[in-house]
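**Student:** Pasting my_file.pdb below, which is PDB, C-alpha atoms.
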```
MODEL        1
ATOM      1  CA  MET Z 437      44.625 -25.184 -72.225
ATOM      2  CA  ALA Z 438      43.309 -27.406 -69.495
ATOM      3  CA  THR Z 439      45.339 -30.372 -68.374
ATOM      4  CA  GLU Z 440      43.331 -33.511 -67.845
ATOM      5  CA  THR Z 441      44.095 -35.384 -64.640
ATOM      6  CA  VAL Z 442      43.288 -39.073 -64.604
ATOM      7  CA  SER Z 443      43.626 -41.375 -61.608
ATOM      8  CA  ILE Z 444      45.280 -44.489 -62.984
ATOM      9  CA  SER Z 445      44.446 -47.706 -61.166
ATOM     10  CA  ALA Z 446      47.696 -49.522 -60.519
ATOM     11  CA  LEU Z 447      46.593 -52.256 -58.116
ATOM     12  CA  SER Z 448      43.305 -54.023 -57.507
ATOM     13  CA  ALA Z 449      42.196 -55.244 -54.074
ATOM     14  CA  GLU Z 450      42.788 -58.789 -55.315
ATOM     15  CA  ASP Z 451      46.391 -57.863 -56.250
ATOM     16  CA  VAL Z 452      46.957 -56.399 -52.787
ATOM     17  CA  LEU Z 453      45.817 -59.604 -51.053
ATOM     18  CA  LYS Z 454      47.886 -61.782 -53.401
ATOM     19  CA  HIS Z 455      50.962 -59.597 -52.813
ATOM     20  CA  TRP Z 456      50.474 -59.756 -49.042
ATOM     21  CA  GLN Z 457      49.904 -63.511 -48.974
ATOM     22  CA  GLY Z 458      53.056 -63.953 -51.091
ATOM     23  CA  HIS Z 459      55.015 -62.051 -48.465
ATOM     24  CA  ARG Z 460      53.297 -63.944 -45.659
ATOM     25  CA  ALA Z 461      54.389 -67.235 -47.243
ATOM     26  CA  LEU Z 462      57.972 -65.939 -47.258
ATOM     27  CA  THR Z 463      57.671 -64.867 -43.610
ATOM     28  CA  ARG Z 464      56.382 -68.340 -42.760
ATOM     29  CA  GLY Z 465      59.471 -69.802 -44.458
ATOM     30  CA  THR Z 466      61.634 -67.428 -42.408
ATOM     31  CA  ILE Z 467      60.006 -68.590 -39.145
ATOM     32  CA  GLU Z 468      60.594 -72.189 -40.229
ATOM     33  CA  ALA Z 469      64.266 -71.507 -41.008
ATOM     34  CA  PHE Z 470      65.023 -70.665 -37.351
ATOM     35  CA  PRO Z 471      65.976 -73.406 -34.898
ATOM     36  CA  GLU Z 472      63.290 -73.304 -32.197
ATOM     37  CA  ASP Z 473      65.463 -71.902 -29.397
ATOM     38  CA  LYS Z 474      66.977 -69.209 -31.635
ATOM     39  CA  LEU Z 475      63.521 -68.195 -32.882
ATOM     40  CA  PHE Z 476      62.503 -67.208 -29.357
ATOM     41  CA  GLU Z 477      65.853 -66.047 -27.964
ATOM     42  CA  PHE Z 478      68.377 -64.919 -30.566
ATOM     43  CA  SER Z 479      68.782 -61.382 -31.839
ATOM     44  CA  VAL Z 480      71.430 -58.860 -32.904
ATOM     45  CA  GLY Z 481      72.093 -55.406 -31.452
ATOM     46  CA  GLY Z 482      69.579 -55.735 -28.603
ATOM     47  CA  MET Z 483      66.618 -56.052 -30.982
ATOM     48  CA  ARG Z 484      63.615 -58.352 -30.521
ATOM     49  CA  PRO Z 485      63.919 -62.085 -31.368
ATOM     50  CA  PHE Z 486      62.143 -63.120 -34.581
ATOM     51  CA  ALA Z 487      59.257 -64.808 -32.701
ATOM     52  CA  GLU Z 488      58.448 -61.404 -31.155
ATOM     53  CA  LEU Z 489      58.469 -59.792 -34.603
ATOM     54  CA  ALA Z 490      56.197 -62.533 -35.990
ATOM     55  CA  TRP Z 491      53.899 -61.988 -33.012
ATOM     56  CA  GLU Z 492      53.704 -58.295 -33.959
ATOM     57  CA  PHE Z 493      52.701 -59.268 -37.529
ATOM     58  CA  ILE Z 494      49.962 -61.530 -36.153
ATOM     59  CA  ARG Z 495      48.599 -58.830 -33.859
ATOM     60  CA  MET Z 496      48.359 -56.515 -36.877
ATOM     61  CA  ALA Z 497      47.136 -58.664 -39.800
ATOM     62  CA  VAL Z 498      43.586 -59.875 -39.110
ATOM     63  CA  PRO Z 499      42.702 -57.019 -36.692
ATOM     64  CA  ILE Z 500      43.657 -54.497 -39.404
ATOM     65  CA  VAL Z 501      41.582 -56.245 -42.065
ATOM     66  CA  ASP Z 502      38.665 -56.382 -39.615
ATOM     67  CA  GLY Z 503      39.105 -52.684 -38.823
ATOM     68  CA  VAL Z 504      39.309 -51.629 -42.458
ATOM     69  CA  ALA Z 505      36.290 -53.780 -43.297
ATOM     70  CA  THR Z 506      34.056 -52.695 -40.403
ATOM     71  CA  GLY Z 507      35.439 -49.443 -38.936
ATOM     72  CA  GLU Z 508      35.760 -51.198 -35.573
ATOM     73  CA  TRP Z 509      39.321 -51.445 -34.290
ATOM     74  CA  VAL Z 510      39.754 -54.270 -31.815
ATOM     75  CA  GLU Z 511      43.157 -55.292 -30.446
ATOM     76  CA  TYR Z 512      44.155 -58.923 -30.992
ATOM     77  CA  SER Z 513      43.103 -60.946 -27.970
ATOM     78  CA  GLY Z 514      44.394 -64.473 -28.688
ATOM     79  CA  ALA Z 515      47.095 -66.184 -26.653
ATOM     80  CA  LYS Z 516      50.768 -65.675 -27.545
ATOM     81  CA  PRO Z 517      52.344 -68.839 -28.992
ATOM     82  CA  GLU Z 518      55.142 -70.203 -26.826
ATOM     83  CA  ASN Z 519      56.662 -72.594 -29.338
ATOM     84  CA  LYS Z 520      57.342 -72.809 -33.075
ATOM     85  CA  GLU Z 521      54.574 -75.314 -33.814
ATOM     86  CA  ASP Z 522      51.892 -73.132 -32.217
ATOM     87  CA  LEU Z 523      53.283 -70.018 -33.895
ATOM     88  CA  LEU Z 524      53.097 -71.669 -37.333
ATOM     89  CA  ALA Z 525      49.595 -73.026 -36.632
ATOM     90  CA  LEU Z 526      48.388 -69.535 -35.727
ATOM     91  CA  TRP Z 527      50.111 -68.157 -38.832
ATOM     92  CA  ASP Z 528      48.224 -70.645 -41.020
ATOM     93  CA  LYS Z 529      44.927 -69.849 -39.282
ATOM     94  CA  GLN Z 530      45.417 -66.164 -40.128
ATOM     95  CA  THR Z 531      46.280 -67.062 -43.736
ATOM     96  CA  ARG Z 532      42.850 -68.661 -44.071
ATOM     97  CA  GLU Z 533      41.105 -65.812 -42.242
ATOM     98  CA  LEU Z 534      42.718 -63.185 -44.475
ATOM     99  CA  ASN Z 535      41.641 -65.060 -47.611
ATOM    100  CA  GLN Z 536      38.110 -65.117 -46.268
ATOM    101  CA  LYS Z 537      37.878 -61.581 -44.853
ATOM    102  CA  PHE Z 538      39.873 -59.484 -47.310
ATOM    103  CA  PRO Z 539      37.541 -59.898 -50.303
ATOM    104  CA  ALA Z 540      34.648 -58.754 -48.096
ATOM    105  CA  ILE Z 541      36.173 -55.297 -47.479
ATOM    106  CA  PRO Z 542      33.661 -52.772 -48.863
ATOM    107  CA  PRO Z 543      35.353 -50.992 -51.827
ATOM    108  CA  HIS Z 544      34.942 -47.483 -50.391
ATOM    109  CA  ARG Z 545      36.852 -48.455 -47.243
ATOM    110  CA  PHE Z 546      40.153 -48.719 -49.164
ATOM    111  CA  THR Z 547      40.233 -44.981 -49.792
ATOM    112  CA  GLU Z 548      38.269 -43.811 -46.738
ATOM    113  CA  VAL Z 549      40.458 -42.264 -44.029
ATOM    114  CA  ASP Z 550      39.976 -43.785 -40.584
ATOM    115  CA  LYS Z 551      41.895 -43.774 -37.287
ATOM    116  CA  ALA Z 552      43.290 -47.298 -36.954
ATOM    117  CA  PHE Z 553      43.054 -48.505 -33.342
ATOM    118  CA  GLY Z 554      42.139 -44.940 -32.405
ATOM    119  CA  GLN Z 555      45.692 -43.806 -33.185
ATOM    120  CA  TRP Z 556      46.898 -43.946 -36.782
ATOM    121  CA  GLU Z 557      44.981 -41.788 -39.229
ATOM    122  CA  MET Z 558      45.312 -43.277 -42.701
ATOM    123  CA  SER Z 559      43.242 -44.562 -45.605
ATOM    124  CA  GLY Z 560      42.252 -48.225 -45.367
ATOM    125  CA  ILE Z 561      44.748 -49.186 -48.057
ATOM    126  CA  GLY Z 562      47.392 -47.056 -46.309
ATOM    127  CA  THR Z 563      46.925 -49.023 -43.084
ATOM    128  CA  ILE Z 564      47.046 -52.367 -44.912
ATOM    129  CA  GLN Z 565      50.152 -51.263 -46.786
ATOM    130  CA  TYR Z 566      51.755 -50.228 -43.501
ATOM    131  CA  ALA Z 567      51.216 -53.741 -42.141
ATOM    132  CA  VAL Z 568      52.747 -55.343 -45.246
ATOM    133  CA  ASP Z 569      55.716 -52.948 -45.263
ATOM    134  CA  ASN Z 570      56.272 -53.498 -41.539
ATOM    135  CA  GLU Z 571      56.377 -57.249 -42.146
ATOM    136  CA  ILE Z 572      58.900 -56.890 -45.008
ATOM    137  CA  HIS Z 573      61.031 -54.521 -42.894
ATOM    138  CA  HIS Z 574      61.218 -56.754 -39.815
ATOM    139  CA  ARG Z 575      61.551 -59.959 -41.836
ATOM    140  CA  GLY Z 576      64.645 -58.373 -43.411
ATOM    141  CA  GLN Z 577      65.987 -58.117 -39.877
ATOM    142  CA  GLY Z 578      65.222 -61.805 -39.366
ATOM    143  CA  TYR Z 579      67.402 -62.495 -42.427
ATOM    144  CA  VAL Z 580      70.343 -60.832 -40.647
ATOM    145  CA  TYR Z 581      69.713 -62.960 -37.543
ATOM    146  CA  LEU Z 582      69.729 -66.104 -39.719
ATOM    147  CA  ARG Z 583      72.953 -65.047 -41.499
ATOM    148  CA  ALA Z 584      74.567 -64.261 -38.138
ATOM    149  CA  LEU Z 585      73.610 -67.823 -37.104
ATOM    150  CA  GLY Z 586      75.189 -69.214 -40.270
ATOM    151  CA  ILE Z 587      71.784 -70.169 -41.709
ATOM    152  CA  GLY Z 588      70.812 -69.288 -45.294
ATOM    153  CA  PRO Z 589      67.404 -67.515 -45.345
ATOM    154  CA  PRO Z 590      64.730 -68.297 -47.993
ATOM    155  CA  HIS Z 591      65.148 -66.551 -51.358
ATOM    156  CA  PHE Z 592      63.493 -63.133 -51.248
ATOM    157  CA  TRP Z 593      61.756 -63.708 -54.575
ATOM    158  CA  GLU Z 594      60.072 -66.953 -53.453
ATOM    159  CA  ARG Z 595      56.535 -66.066 -52.485
TER     160      ARG Z 595
ATOM    161  CA  MET M 538      22.783 -67.448 -60.061
ATOM    162  CA  ALA M 539      25.737 -65.651 -61.520
ATOM    163  CA  THR M 540      28.264 -64.045 -59.203
ATOM    164  CA  GLU M 541      29.426 -60.642 -60.286
ATOM    165  CA  THR M 542      33.171 -60.122 -60.119
ATOM    166  CA  VAL M 543      34.385 -56.568 -59.782
ATOM    167  CA  SER M 544      38.003 -55.461 -59.844
ATOM    168  CA  ILE M 545      38.322 -52.958 -57.023
ATOM    169  CA  SER M 546      40.967 -50.298 -57.502
ATOM    170  CA  ALA M 547      42.985 -50.099 -54.298
ATOM    171  CA  LEU M 548      45.915 -47.926 -55.365
ATOM    172  CA  SER M 549      46.379 -45.282 -58.027
ATOM    173  CA  ALA M 550      49.666 -44.726 -59.875
ATOM    174  CA  GLU M 551      50.025 -41.479 -57.938
ATOM    175  CA  ASP M 552      49.658 -43.398 -54.641
ATOM    176  CA  VAL M 553      52.351 -45.857 -55.736
ATOM    177  CA  LEU M 554      54.848 -43.058 -56.472
ATOM    178  CA  LYS M 555      54.037 -41.280 -53.201
ATOM    179  CA  HIS M 556      54.451 -44.529 -51.247
ATOM    180  CA  TRP M 557      57.785 -45.241 -52.948
ATOM    181  CA  GLN M 558      59.135 -41.719 -52.432
ATOM    182  CA  GLY M 559      58.113 -41.935 -48.760
ATOM    183  CA  HIS M 560      60.196 -45.089 -48.430
ATOM    184  CA  ARG M 561      63.040 -43.527 -50.420
ATOM    185  CA  ALA M 562      63.103 -40.590 -47.983
ATOM    186  CA  LEU M 563      63.423 -43.088 -45.123
ATOM    187  CA  THR M 564      66.216 -44.930 -46.940
ATOM    188  CA  ARG M 565      68.002 -41.595 -47.432
ATOM    189  CA  GLY M 566      67.740 -41.009 -43.674
ATOM    190  CA  THR M 567      69.173 -44.485 -43.086
ATOM    191  CA  ILE M 568      72.166 -43.745 -45.359
ATOM    192  CA  GLU M 569      72.687 -40.493 -43.453
ATOM    193  CA  ALA M 570      72.573 -42.254 -40.076
ATOM    194  CA  PHE M 571      75.701 -44.300 -40.898
ATOM    195  CA  PRO M 572      79.155 -42.906 -40.122
ATOM    196  CA  GLU M 573      80.939 -42.736 -43.507
ATOM    197  CA  ASP M 574      83.414 -45.562 -42.889
ATOM    198  CA  LYS M 575      80.740 -47.906 -41.505
ATOM    199  CA  LEU M 576      78.452 -47.149 -44.453
ATOM    200  CA  PHE M 577      81.008 -48.609 -46.850
ATOM    201  CA  GLU M 578      82.583 -51.285 -44.655
ATOM    202  CA  PHE M 579      80.401 -52.514 -41.796
ATOM    203  CA  SER M 580      78.009 -55.439 -41.971
ATOM    204  CA  VAL M 581      76.710 -58.379 -39.914
ATOM    205  CA  GLY M 582      76.847 -62.078 -40.774
ATOM    206  CA  GLY M 583      78.957 -61.622 -43.916
ATOM    207  CA  MET M 584      76.266 -59.573 -45.676
ATOM    208  CA  ARG M 585      76.868 -56.539 -47.894
ATOM    209  CA  PRO M 586      77.584 -53.128 -46.298
ATOM    210  CA  PHE M 587      74.685 -50.654 -46.511
ATOM    211  CA  ALA M 588      76.346 -48.587 -49.277
ATOM    212  CA  GLU M 589      76.265 -51.725 -51.472
ATOM    213  CA  LEU M 590      72.574 -52.212 -50.725
ATOM    214  CA  ALA M 591      71.844 -48.540 -51.538
ATOM    215  CA  TRP M 592      73.783 -48.978 -54.774
ATOM    216  CA  GLU M 593      71.508 -51.901 -55.639
ATOM    217  CA  PHE M 594      68.436 -49.681 -55.046
ATOM    218  CA  ILE M 595      69.900 -47.028 -57.352
ATOM    219  CA  ARG M 596      70.626 -49.547 -60.103
ATOM    220  CA  MET M 597      66.990 -50.652 -59.916
ATOM    221  CA  ALA M 598      64.902 -47.498 -59.422
ATOM    222  CA  VAL M 599      65.167 -45.276 -62.509
ATOM    223  CA  PRO M 600      66.050 -48.133 -64.911
ATOM    224  CA  ILE M 601      62.887 -49.975 -63.823
ATOM    225  CA  VAL M 602      60.673 -46.914 -64.295
ATOM    226  CA  ASP M 603      62.269 -46.361 -67.713
ATOM    227  CA  GLY M 604      61.686 -50.021 -68.596
ATOM    228  CA  VAL M 605      58.063 -50.032 -67.464
ATOM    229  CA  ALA M 606      57.442 -46.759 -69.296
ATOM    230  CA  THR M 607      59.131 -47.668 -72.589
ATOM    231  CA  GLY M 608      59.529 -51.453 -72.753
ATOM    232  CA  GLU M 609      63.286 -50.959 -73.133
ATOM    233  CA  TRP M 610      65.333 -52.452 -70.319
ATOM    234  CA  VAL M 611      68.722 -50.787 -70.000
ATOM    235  CA  GLU M 612      71.111 -51.556 -67.131
ATOM    236  CA  TYR M 613      72.210 -48.579 -65.056
ATOM    237  CA  SER M 614      75.458 -47.221 -66.475
ATOM    238  CA  GLY M 615      76.434 -44.400 -64.106
ATOM    239  CA  ALA M 616      79.528 -44.465 -61.901
ATOM    240  CA  LYS M 617      79.370 -46.055 -58.448
ATOM    241  CA  PRO M 618      79.624 -43.436 -55.666
ATOM    242  CA  GLU M 619      82.726 -43.885 -53.535
ATOM    243  CA  ASN M 620      81.700 -41.659 -50.623
ATOM    244  CA  LYS M 621      78.599 -40.703 -48.676
ATOM    245  CA  GLU M 622      78.239 -37.235 -50.216
ATOM    246  CA  ASP M 623      78.252 -38.593 -53.778
ATOM    247  CA  LEU M 624      75.873 -41.402 -52.811
ATOM    248  CA  LEU M 625      73.366 -38.932 -51.347
ATOM    249  CA  ALA M 626      73.711 -36.600 -54.356
ATOM    250  CA  LEU M 627      72.932 -39.491 -56.711
ATOM    251  CA  TRP M 628      70.026 -40.504 -54.463
ATOM    252  CA  ASP M 629      68.562 -36.982 -54.732
ATOM    253  CA  LYS M 630      69.073 -36.923 -58.491
ATOM    254  CA  GLN M 631      67.037 -40.135 -58.774
ATOM    255  CA  THR M 632      64.332 -38.667 -56.518
ATOM    256  CA  ARG M 633      63.847 -35.860 -59.040
ATOM    257  CA  GLU M 634      64.026 -38.242 -62.026
ATOM    258  CA  LEU M 635      61.386 -40.549 -60.528
ATOM    259  CA  ASN M 636      59.026 -37.624 -59.910
ATOM    260  CA  GLN M 637      59.463 -36.612 -63.534
ATOM    261  CA  LYS M 638      59.343 -40.036 -65.197
ATOM    262  CA  PHE M 639      56.800 -41.972 -63.132
ATOM    263  CA  PRO M 640      53.726 -39.900 -64.090
ATOM    264  CA  ALA M 641      54.642 -40.420 -67.757
ATOM    265  CA  ILE M 642      54.233 -44.224 -67.563
ATOM    266  CA  PRO M 643      51.461 -45.128 -70.027
ATOM    267  CA  PRO M 644      48.512 -46.529 -67.975
ATOM    268  CA  HIS M 645      48.381 -49.862 -69.819
ATOM    269  CA  ARG M 646      52.009 -50.586 -68.908
ATOM    270  CA  PHE M 647      51.153 -51.079 -65.215
ATOM    271  CA  THR M 648      49.198 -54.241 -65.945
ATOM    272  CA  GLU M 649      51.047 -55.365 -69.080
ATOM    273  CA  VAL M 650      53.395 -58.309 -68.482
ATOM    274  CA  ASP M 651      56.945 -57.728 -69.687
ATOM    275  CA  LYS M 652      60.327 -59.377 -69.102
ATOM    276  CA  ALA M 653      62.273 -56.869 -66.981
ATOM    277  CA  PHE M 654      65.916 -56.705 -68.101
ATOM    278  CA  GLY M 655      65.219 -59.784 -70.237
ATOM    279  CA  GLN M 656      64.902 -61.909 -67.090
ATOM    280  CA  TRP M 657      61.994 -61.250 -64.725
ATOM    281  CA  GLU M 658      58.555 -61.757 -66.198
ATOM    282  CA  MET M 659      56.072 -59.606 -64.298
ATOM    283  CA  SER M 660      53.478 -56.898 -64.794
ATOM    284  CA  GLY M 661      54.842 -53.350 -64.763
ATOM    285  CA  ILE M 662      53.364 -52.706 -61.331
ATOM    286  CA  GLY M 663      54.732 -56.065 -60.145
ATOM    287  CA  THR M 664      58.262 -55.027 -61.137
ATOM    288  CA  ILE M 665      57.913 -51.618 -59.472
ATOM    289  CA  GLN M 666      56.524 -53.255 -56.339
ATOM    290  CA  TYR M 667      59.439 -55.680 -56.314
ATOM    291  CA  ALA M 668      61.876 -52.740 -56.305
ATOM    292  CA  VAL M 669      60.042 -51.044 -53.417
ATOM    293  CA  ASP M 670      59.793 -54.283 -51.396
ATOM    294  CA  ASN M 671      63.465 -55.029 -52.038
ATOM    295  CA  GLU M 672      64.369 -51.576 -50.703
ATOM    296  CA  ILE M 673      62.235 -52.066 -47.548
ATOM    297  CA  HIS M 674      63.734 -55.538 -47.007
ATOM    298  CA  HIS M 675      67.374 -54.488 -47.293
ATOM    299  CA  ARG M 676      66.843 -51.219 -45.427
ATOM    300  CA  GLY M 677      65.538 -53.347 -42.529
ATOM    301  CA  GLN M 678      68.928 -55.064 -42.620
ATOM    302  CA  GLY M 679      70.601 -51.645 -42.456
ATOM    303  CA  TYR M 680      68.610 -51.011 -39.261
ATOM    304  CA  VAL M 681      70.244 -54.078 -37.685
ATOM    305  CA  TYR M 682      73.699 -52.819 -38.732
ATOM    306  CA  LEU M 683      72.929 -49.454 -37.108
ATOM    307  CA  ARG M 684      71.673 -51.105 -33.882
ATOM    308  CA  ALA M 685      74.763 -53.343 -33.806
ATOM    309  CA  LEU M 686      76.830 -50.125 -34.050
ATOM    310  CA  GLY M 687      74.867 -48.601 -31.163
ATOM    311  CA  ILE M 688      73.165 -46.083 -33.464
ATOM    312  CA  GLY M 689      69.388 -45.498 -33.361
ATOM    313  CA  PRO M 690      67.887 -45.774 -36.881
ATOM    314  CA  PRO M 691      65.206 -43.351 -38.140
ATOM    315  CA  HIS M 692      61.619 -44.127 -37.094
ATOM    316  CA  PHE M 693      60.040 -46.558 -39.564
ATOM    317  CA  TRP M 694      56.872 -44.484 -39.812
ATOM    318  CA  GLU M 695      58.733 -41.290 -40.822
ATOM    319  CA  ARG M 696      58.450 -41.013 -44.571
TER     320      ARG M 696
ENDMDL
END
```
Translate this structure into structure tokens?

**Tutor:**
Amino acid sequence: MATETVSISALSAEDVLKHWQGHRALTRGTIEAFPEDKLFEFSVGGMRPFAELAWEFIRMAVPIVDGVATGEWVEYSGAKPENKEDLLALWDKQTRELNQKFPAIPPHRFTEVDKAFGQWEMSGIGTIQYAVDNEIHHRGQGYVYLRALGIGPPHFWER
Amino acid sequence: MATETVSISALSAEDVLKHWQGHRALTRGTIEAFPEDKLFEFSVGGMRPFAELAWEFIRMAVPIVDGVATGEWVEYSGAKPENKEDLLALWDKQTRELNQKFPAIPPHRFTEVDKAFGQWEMSGIGTIQYAVDNEIHHRGQGYVYLRALGIGPPHFWER
């Protein structure tokens, strides 16, 4: 007897964007929870301060969506924010850009394998998922920094 | 003019399991990286030691897949591992159980909204995603513990 194999759709592109933006809202709340000096200077165990981690998220988010959408992988070229206000303003600018650009990703590009930034060979959705997972991972580290500073981080389930 | 709305499938159920098991392999490597006493005792900022976080992942993983598959939400009832060897053995047992049980989730249950453990109202895929995200988040905290102990954690991209 033959066994039928069916690919079951678990997540739509719209779900993926909503999930990511939920996490990005939580990351924004985590940036906000830091006192300005600690955001740029404090860390534990010789790791990067949270502003550096947030800067990594910014350099990944829109450039990855652009790359998945177009097949052209261009490094982020904007200026690095030097204070909390500018960092949050840039965060909010990317929130709007993602909402605009994500729905325009051609459907076949989610499954198509590409070499992101000429280095990481993954499907489009794999690269997007990597960016989201990387943000969750490093934000978790930011939670430890906040706890070590005696500051309660935002609730993980608030998106 | 009418605008056509199309739901674009970004991830199949098979992709979701593969993604989760990749992260679970990394979490296993993180458990292994801890010296036994530090695994059960060390933390930063008054947070839970990594063995407690791993125990939380275990109490979520198979019970959530069972709940999504069947609609019955039963709290994990197994004994709590008291040493690293038992913790890893239980981890590996769940790896096999997830591979067996996940593909048997009825397709409609991924999108169906249910109240997980009588408390959290989400789609099946939303609940599974929450478990994966929670694991990534807390494992990131384990990375800080390891760095604070002077131990290099596994590479994030190794799954």

**Student:** The ChimeraX specification (/M :<7) & /Z - which residues does that actually catch in the file I just gave you? List them as a list in words.

**Tutor:**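 Applying the expression gives Ser443, Ile444, Ser445, Ala446, Leu447, Ser448, Ala449, Val480, Gly481, Pro543, Phe546, Ile561, Asp569, Ile572, His573, His574, Gly576, Gln577, Val580, Arg583 and Ala584 of chain Z.
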
**Student:** Write out as a CSV table (one decimal) with C-alpha atoms, in the coordinates of the input each polymer residue whose atoms come within 9 Å of M:Lys575, counting all atoms listed in the file; drop sequence neighbours fewer than 2 positions from it.

**Tutor:**
```csv
chain,number,residue,atom,x,y,z
M,571,PHE,CA,75.7,-44.3,-40.9
M,572,PRO,CA,79.2,-42.9,-40.1
M,573,GLU,CA,80.9,-42.7,-43.5
M,577,PHE,CA,81.0,-48.6,-46.8
M,578,GLU,CA,82.6,-51.3,-44.7
M,579,PHE,CA,80.4,-52.5,-41.8
M,580,SER,CA,78.0,-55.4,-42.0
M,586,PRO,CA,77.6,-53.1,-46.3
M,587,PHE,CA,74.7,-50.7,-46.5
M,588,ALA,CA,76.3,-48.6,-49.3
M,686,LEU,CA,76.8,-50.1,-34.0
```

**Student:** Between M:Ala591, M:Ala626, M:Val611, M:Val602, which one has atoms that come closest to M:Phe639, using all atoms listed in the file?

**Tutor:** M:Val602

**Student:** Taking all atoms of stretch 528-538 of chain Z that the file lists, what box with edges along x, y and z, padded by 6 Å per side, do you get, with centre and edge lengths in Å to one decimal, as JSON?

**Tutor:**
```
{"center_x": 43.1, "center_y": -65.1, "center_z": -43.4, "size_x": 22.3, "size_y": 23.2, "size_z": 20.3}
```

**Student:** Expressed in Å to a single decimal, how great is the separation between atom CA of Z:Leu475 and atom CA of Z:Ile500?

**Tutor:**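 About the pair atom CA of Z:Leu475 and atom CA of Z:Ile500: they are 25.0 Å apart.
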
**Student:** Need to verify the contact set: Z:Asp550, 7 Å, all atoms listed in the file, exclusion of same-chain residues closer than 2 positions in sequence. Can you return it as a list in words?

**Tutor:** Glu548, Ala552, Glu557, Met558, Ser559 and Gly560 of chain Z

**Student:** Suppose a student applies the PyMOL selection byres ((chain M and resi 610) around 8) to this structure; what residues should they get, written as a list in words?

**Tutor:** Pro600, Ile601, Asp603, Gly604, Gly608, Glu609, Val611, Glu612, Ala653, Phe654 and Gly655 of chain M

**Student:** As an exercise, work out the distance from atom CA of M:Ala598 to atom CA of M:Glu569 in Å and give it to one decimal place.

**Tutor:** 19.1 Å

**Student:** How many Å separate atom CA of M:Trp628 from atom CA of M:Gly566?

**Tutor:**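 So the answer is 11.0 Å.
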